[in-house]
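Some notes on the structure that comes next.
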Amino acid sequence: MTDDTTTAVGVPAACTGAPVIGPPAAQAVAELGWGMWASAVVQAGAQLRLADAIGEEPVPVEKLAAAVGADADALTRLMRALVAFGVFRQDRPGWYSHSEASRALRADAEVPLTDIMLTGSSWGWEMWGQLAASVRSGRCAFKERYGKDLFTWFAEDDNAAGAAALRGFAAQSRAMNPLVLDALDMTGADRFVDVGGGHGSVVLSLLERYPDVHGVLFDRAHAIASALPELSSPPLADRCELIAGDCFEAVPAGDLFLIRQVLHMWDDDACVQVLANCVRAARPGARVVLLEQLVADPPETPWDALMDLHMLLVMGGRERTAEQWAALYARAGLTWTGVTATGTPLRLVEGRVG
Ligand SMILES: C[S@@+](CC[C@H](N)C(=O)[O-])C[C@H]1O[C@@H](n2cnc3c(N)ncnc32)[C@H](O)[C@@H]1O
């Protein structure tokens, strides 16, 4: 049962109970802005891994605070907010147990929601605070703040943040793979290369679906080092290669290049460089398929526009229209073949060599 103040699963909307400050349009915009507080509450709950510190029985806040390394009074106040959103239940003052929503944040939940929430929990939060500055300058907030790009920072400064980000990317990829890969035509693909494939969840799904196909997971060394173990053990190891490298230098040979949510991180010239490296490594008739969100004006969904801004902030990249992708394919010497919907925010953006 839903009403104006709850979502489909009965979780209160971010600003339920907020003061009425004006007519509906003003109210709606104010509540979008205040929603930042609700995001912070959920992010903090995930960062503290509260869901894993509560078992089947109610727990007193002092025990919870000791388990997660928190101040008991401040944690009581955070729990109050989480309980207000239906994330955790309060059994009696100072005692908490799981709700359906808080169980979704447990490490053993069906979907690794905490991994997804923590993808960019620290650095991403900081970057979104720089949105107005980034829009003024047109520059990438991350590079302005740290003087280097995100993945170099992961490798040189914060391996743990890099590992958390890769876990989050992989979890989101696993959730979308079934629909996205249903839409992918594998005809003629004998050896595919997943460029910037992260942990390799797309490679794993494809090798499981197509028993005669060989796959290559290609990524930077830090990602290859934490590739899914199934890829390097029987029965898939014979059909899978793990190759560390830099796609700006070269990519391994193949007849299908998949690039999932990688090129949107970069500017046009960088995208053309990677696409041209695919052309150089391509077997005759090879295809290059990007798995990317598209933007349109006006956007089809707010999420499309949010992801575009996220790319500006953290990588200096962008989401693109189909026409913009077609122009980049042409610059790289690829023949544009079009866009396929997948039933997810991602589209298959495709071109052919020659
Ligand atoms: C947003 S993640 C996407 C990961 C994966 N394709 C997915 O969709 O889950 C971007 C990936 O690009 C990789 N990457 C970044 N720079 C790269 C480079 N120069 N060469 C190869 N891979 C790179 C990162 O290590 C990371 O795995």
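All residue names refer to the structure tokens as shown: chains lettered A, B, ... in order, residues numbered from 1 in each chain, ligands numbered from 1 in order.
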For Thr7 in chain A, list every protein, DNA or RNA residue within 12 Å, evaluated using only C-alpha atoms, and leave out those in the same chain fewer than 6 positions away; present the list as an NGL selection string.
:A and (1 or 13-16 or 85-86 or 101)
Output as a JSON list (two decimals) with C-alpha atoms, in the first residue's frame all residues of range 32-272 of chain A that backbone DSSP marks as strand (DSSP E).
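The file below, selection02.json, is the result:
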[["chain", "number", "residue", "atom", "x", "y", "z"],
["A", 59, "VAL", "CA", 20.53, -5.36, 20.12],
["A", 60, "PRO", "CA", 21.07, -2.54, 22.67],
["A", 89, "ARG", "CA", 13.18, -1.26, 13.66],
["A", 90, "GLN", "CA", 13.18, 0.10, 17.21],
["A", 91, "ASP", "CA", 11.83, -2.52, 19.60],
["A", 92, "ARG", "CA", 12.00, -0.37, 22.71],
["A", 95, "TRP", "CA", 17.10, -1.47, 21.26],
["A", 96, "TYR", "CA", 17.18, -2.16, 17.53],
["A", 97, "SER", "CA", 16.44, -5.06, 15.21],
["A", 191, "ARG", "CA", 36.84, -14.33, -29.12],
["A", 192, "PHE", "CA", 35.46, -11.31, -27.30],
["A", 193, "VAL", "CA", 37.46, -8.76, -25.31],
["A", 194, "ASP", "CA", 35.90, -6.89, -22.38],
["A", 195, "VAL", "CA", 37.91, -3.64, -22.31],
["A", 214, "HIS", "CA", 36.53, -17.49, -25.71],
["A", 215, "GLY", "CA", 36.74, -14.35, -23.62],
["A", 216, "VAL", "CA", 39.42, -11.87, -22.55],
["A", 217, "LEU", "CA", 39.16, -9.72, -19.45],
["A", 218, "PHE", "CA", 41.33, -6.66, -20.07],
["A", 219, "ASP", "CA", 41.83, -3.99, -17.42],
["A", 240, "CYS", "CA", 39.36, -17.17, -20.54],
["A", 241, "GLU", "CA", 42.43, -14.92, -20.56],
["A", 242, "LEU", "CA", 43.12, -12.24, -17.99],
["A", 243, "ILE", "CA", 45.29, -9.48, -19.43],
["A", 244, "ALA", "CA", 46.51, -6.38, -17.58],
["A", 254, "GLY", "CA", 39.34, -10.13, -30.81],
["A", 255, "ASP", "CA", 36.26, -10.16, -33.02],
["A", 256, "LEU", "CA", 33.96, -8.50, -30.50],
["A", 257, "PHE", "CA", 35.02, -5.65, -28.21],
["A", 258, "LEU", "CA", 32.70, -4.93, -25.30],
["A", 259, "ILE", "CA", 33.25, -1.73, -23.36],
["A", 260, "ARG", "CA", 30.84, -1.33, -20.45]]
Pick out the residues sitting within 12 Å of Met36 in chain A, and hand them over as JSON, numbers by chain; count only C-alpha atoms, and ignore anything fewer than 5 positions along from it in its own chain.
{"A": [14, 15, 30, 31, 41, 42, 43, 125, 128, 129]}
Give me a file of those residues, with N, CA and C atoms, as a short mmCIF file (atom, residue, chain, number, x, y, z; two decimals), in the first residue's frame.
data_model
loop_
_atom_site.label_atom_id
_atom_site.label_comp_id
_atom_site.auth_asym_id
_atom_site.auth_seq_id
_atom_site.Cartn_x
_atom_site.Cartn_y
_atom_site.Cartn_z
N ALA A 14 11.92 10.74 1.28
CA ALA A 14 13.04 11.38 1.98
C ALA A 14 12.59 12.49 2.94
N CYS A 15 11.61 13.30 2.55
CA CYS A 15 11.30 14.49 3.36
C CYS A 15 9.92 14.43 3.99
N ALA A 30 12.03 22.14 -2.80
CA ALA A 30 12.68 22.16 -1.48
C ALA A 30 12.96 20.73 -1.01
N GLU A 31 11.99 19.85 -1.22
CA GLU A 31 12.17 18.48 -0.72
C GLU A 31 13.24 17.72 -1.53
N VAL A 41 22.14 9.87 5.63
CA VAL A 41 21.77 8.90 6.67
C VAL A 41 21.98 7.47 6.16
N VAL A 42 21.52 7.20 4.94
CA VAL A 42 21.67 5.85 4.39
C VAL A 42 23.14 5.54 4.13
N GLN A 43 23.88 6.53 3.60
CA GLN A 43 25.31 6.32 3.34
C GLN A 43 26.06 6.02 4.64
N TRP A 125 30.89 11.53 -2.56
CA TRP A 125 30.14 12.49 -1.73
C TRP A 125 30.82 13.86 -1.76
N TRP A 128 30.31 15.58 -5.21
CA TRP A 128 28.98 16.17 -5.46
C TRP A 128 28.85 17.52 -4.75
N GLY A 129 29.57 17.71 -3.67
CA GLY A 129 29.57 19.01 -2.99
C GLY A 129 30.22 20.10 -3.84
#
Go ahead and compute the interatomic distance for atom 6 (N, counted along the ligand's line) of ligand 1 and CA of Ala305 in chain A, in Å to one decimal.
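Computing it gives 20.0 Å between the two atoms.
Residues surrounding Val180 in chain A within 12 Å are Gln172, Ser173, Arg174, Ala175, Asp185, Val202, Ser205, Leu206, Leu258, Arg260, Val289, Leu290, Leu291, Glu292, Gln293, Thr340, Ala341, Thr342, Gly343, Thr344, Pro345, Leu346, Arg347, Leu348 and Val349 of chain A [only C-alpha atoms; sequence separation below 5 positions excluded].
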Only C-alpha atoms, please: the residues just picked out, written as a PDB file, in the first residue's frame.
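Output below, filename out-v4.pdb:
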ATOM      1  CA  GLN A 172      25.714  -3.268 -10.347  1.00  0.00           C
ATOM      2  CA  SER A 173      26.956  -5.056 -13.432  1.00  0.00           C
ATOM      3  CA  ARG A 174      25.789  -8.456 -12.085  1.00  0.00           C
ATOM      4  CA  ALA A 175      22.338  -7.035 -11.370  1.00  0.00           C
ATOM      5  CA  ASP A 185      23.959 -10.495 -30.469  1.00  0.00           C
ATOM      6  CA  VAL A 202      30.274  -9.646 -17.904  1.00  0.00           C
ATOM      7  CA  SER A 205      28.143 -14.348 -17.668  1.00  0.00           C
ATOM      8  CA  LEU A 206      29.054 -14.590 -21.369  1.00  0.00           C
ATOM      9  CA  LEU A 258      32.704  -4.931 -25.301  1.00  0.00           C
ATOM     10  CA  ARG A 260      30.843  -1.333 -20.447  1.00  0.00           C
ATOM     11  CA  VAL A 289      29.792  -2.642 -28.654  1.00  0.00           C
ATOM     12  CA  LEU A 290      29.622  -0.068 -25.894  1.00  0.00           C
ATOM     13  CA  LEU A 291      27.263  -0.610 -22.982  1.00  0.00           C
ATOM     14  CA  GLU A 292      26.453   2.956 -22.008  1.00  0.00           C
ATOM     15  CA  GLN A 293      23.641   5.202 -20.892  1.00  0.00           C
ATOM     16  CA  THR A 340      19.782  -1.284 -29.077  1.00  0.00           C
ATOM     17  CA  ALA A 341      17.653  -0.887 -25.929  1.00  0.00           C
ATOM     18  CA  THR A 342      18.194  -3.429 -23.124  1.00  0.00           C
ATOM     19  CA  GLY A 343      15.374  -2.816 -20.659  1.00  0.00           C
ATOM     20  CA  THR A 344      17.944  -1.242 -18.303  1.00  0.00           C
ATOM     21  CA  PRO A 345      19.425   2.282 -18.291  1.00  0.00           C
ATOM     22  CA  LEU A 346      22.202   0.909 -20.549  1.00  0.00           C
ATOM     23  CA  ARG A 347      21.996   0.713 -24.359  1.00  0.00           C
ATOM     24  CA  LEU A 348      24.143  -1.300 -26.736  1.00  0.00           C
ATOM     25  CA  VAL A 349      25.986   1.218 -28.907  1.00  0.00           C
TER      26      VAL A 349
END
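With only C-alpha atoms and all ligand atoms as the atoms that count, the residue of A:Asp190, A:Asp297, A:Asp149, A:Asp238 with the shortest distance to ligand 1 is A:Asp149.
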Can you tell me, as a ChimeraX atom specification, what residues are no more than 12 Å from Thr337 in chain A when counting only C-alpha atoms, ignoring any on the same chain fewer than 6 positions away?
/A:287-290,322-323,325-327,329-330,348-354
Generate a file of the selected residues that holds N, CA and C atoms, formatted as a PDB file, in the first residue's frame.
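Contents of the output file part_34.pdb:
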ATOM      1  N   ARG A 287      33.217  -6.382 -34.317  1.00  0.00           N
ATOM      2  CA  ARG A 287      32.277  -5.351 -33.854  1.00  0.00           C
ATOM      3  C   ARG A 287      32.787  -4.724 -32.559  1.00  0.00           C
ATOM      4  N   VAL A 288      32.430  -3.464 -32.354  1.00  0.00           N
ATOM      5  CA  VAL A 288      32.716  -2.773 -31.089  1.00  0.00           C
ATOM      6  C   VAL A 288      31.374  -2.385 -30.493  1.00  0.00           C
ATOM      7  N   VAL A 289      31.087  -2.911 -29.295  1.00  0.00           N
ATOM      8  CA  VAL A 289      29.792  -2.642 -28.654  1.00  0.00           C
ATOM      9  C   VAL A 289      30.034  -1.978 -27.302  1.00  0.00           C
ATOM     10  N   LEU A 290      29.564  -0.750 -27.193  1.00  0.00           N
ATOM     11  CA  LEU A 290      29.622  -0.068 -25.894  1.00  0.00           C
ATOM     12  C   LEU A 290      28.341  -0.372 -25.139  1.00  0.00           C
ATOM     13  N   ALA A 322      23.149   9.378 -29.116  1.00  0.00           N
ATOM     14  CA  ALA A 322      23.511   8.400 -30.158  1.00  0.00           C
ATOM     15  C   ALA A 322      24.302   9.088 -31.268  1.00  0.00           C
ATOM     16  N   GLU A 323      23.919  10.315 -31.608  1.00  0.00           N
ATOM     17  CA  GLU A 323      24.605  11.033 -32.700  1.00  0.00           C
ATOM     18  C   GLU A 323      26.057  11.331 -32.308  1.00  0.00           C
ATOM     19  N   TRP A 325      27.916   9.566 -30.254  1.00  0.00           N
ATOM     20  CA  TRP A 325      28.682   8.310 -30.336  1.00  0.00           C
ATOM     21  C   TRP A 325      28.983   7.983 -31.799  1.00  0.00           C
ATOM     22  N   ALA A 326      27.983   8.174 -32.662  1.00  0.00           N
ATOM     23  CA  ALA A 326      28.188   7.862 -34.089  1.00  0.00           C
ATOM     24  C   ALA A 326      29.356   8.678 -34.645  1.00  0.00           C
ATOM     25  N   ALA A 327      29.452   9.949 -34.231  1.00  0.00           N
ATOM     26  CA  ALA A 327      30.537  10.802 -34.735  1.00  0.00           C
ATOM     27  C   ALA A 327      31.896  10.283 -34.236  1.00  0.00           C
ATOM     28  N   TYR A 329      32.606   7.153 -33.452  1.00  0.00           N
ATOM     29  CA  TYR A 329      32.885   5.912 -34.191  1.00  0.00           C
ATOM     30  C   TYR A 329      33.482   6.247 -35.554  1.00  0.00           C
ATOM     31  N   ALA A 330      32.884   7.241 -36.212  1.00  0.00           N
ATOM     32  CA  ALA A 330      33.380   7.619 -37.547  1.00  0.00           C
ATOM     33  C   ALA A 330      34.823   8.103 -37.449  1.00  0.00           C
ATOM     34  N   LEU A 348      23.020  -0.765 -25.967  1.00  0.00           N
ATOM     35  CA  LEU A 348      24.143  -1.300 -26.736  1.00  0.00           C
ATOM     36  C   LEU A 348      24.401  -0.331 -27.874  1.00  0.00           C
ATOM     37  N   VAL A 349      25.612   0.207 -27.929  1.00  0.00           N
ATOM     38  CA  VAL A 349      25.986   1.218 -28.907  1.00  0.00           C
ATOM     39  C   VAL A 349      27.007   0.554 -29.825  1.00  0.00           C
ATOM     40  N   GLU A 350      26.661   0.368 -31.084  1.00  0.00           N
ATOM     41  CA  GLU A 350      27.426  -0.600 -31.863  1.00  0.00           C
ATOM     42  C   GLU A 350      27.963  -0.068 -33.188  1.00  0.00           C
ATOM     43  N   GLY A 351      29.165  -0.542 -33.531  1.00  0.00           N
ATOM     44  CA  GLY A 351      29.757  -0.249 -34.833  1.00  0.00           C
ATOM     45  C   GLY A 351      30.587  -1.424 -35.300  1.00  0.00           C
ATOM     46  N   ARG A 352      30.956  -1.387 -36.555  1.00  0.00           N
ATOM     47  CA  ARG A 352      31.684  -2.512 -37.159  1.00  0.00           C
ATOM     48  C   ARG A 352      32.974  -2.012 -37.783  1.00  0.00           C
ATOM     49  N   VAL A 353      33.992  -2.866 -37.755  1.00  0.00           N
ATOM     50  CA  VAL A 353      35.268  -2.490 -38.362  1.00  0.00           C
ATOM     51  C   VAL A 353      35.166  -2.684 -39.869  1.00  0.00           C
ATOM     52  N   GLY A 354      35.596  -1.675 -40.629  1.00  0.00           N
ATOM     53  CA  GLY A 354      35.621  -1.817 -42.089  1.00  0.00           C
ATOM     54  C   GLY A 354      34.332  -1.335 -42.716  1.00  0.00           C
TER      55      GLY A 354
END
Among range 81-195 of chain A, which ones does DSSP place in helix (DSSP H, G or I), written as a PyMOL selection string?
chain A and resi 81-84+100-103+113-117+123-128+131-137+141-146+150-156+159-182
Counting only C-alpha atoms and all ligand atoms, which residue out of A:Met127, A:Val295, A:Val262, A:Leu328 sits closest to ligand 1?
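Of A:Met127, A:Val295, A:Val262, A:Leu328, the one nearest ligand 1, counting only C-alpha atoms and all ligand atoms, is A:Val262.
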Kindly give the distance, in Å, that separates CA of Val29 in chain A and CA of Arg318 in chain A, rounded to a single decimal.
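Taking CA of Val29 in chain A and CA of Arg318 in chain A, their separation equals 25.2 Å.
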Nearest candidate to ligand 1 (options A:Leu231, A:Val339, A:Leu309, A:Ala163; using only C-alpha atoms and all ligand atoms):
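Checking each of A:Leu231, A:Val339, A:Leu309, A:Ala163 against ligand 1, counting only C-alpha atoms and all ligand atoms, the winner is A:Ala163.
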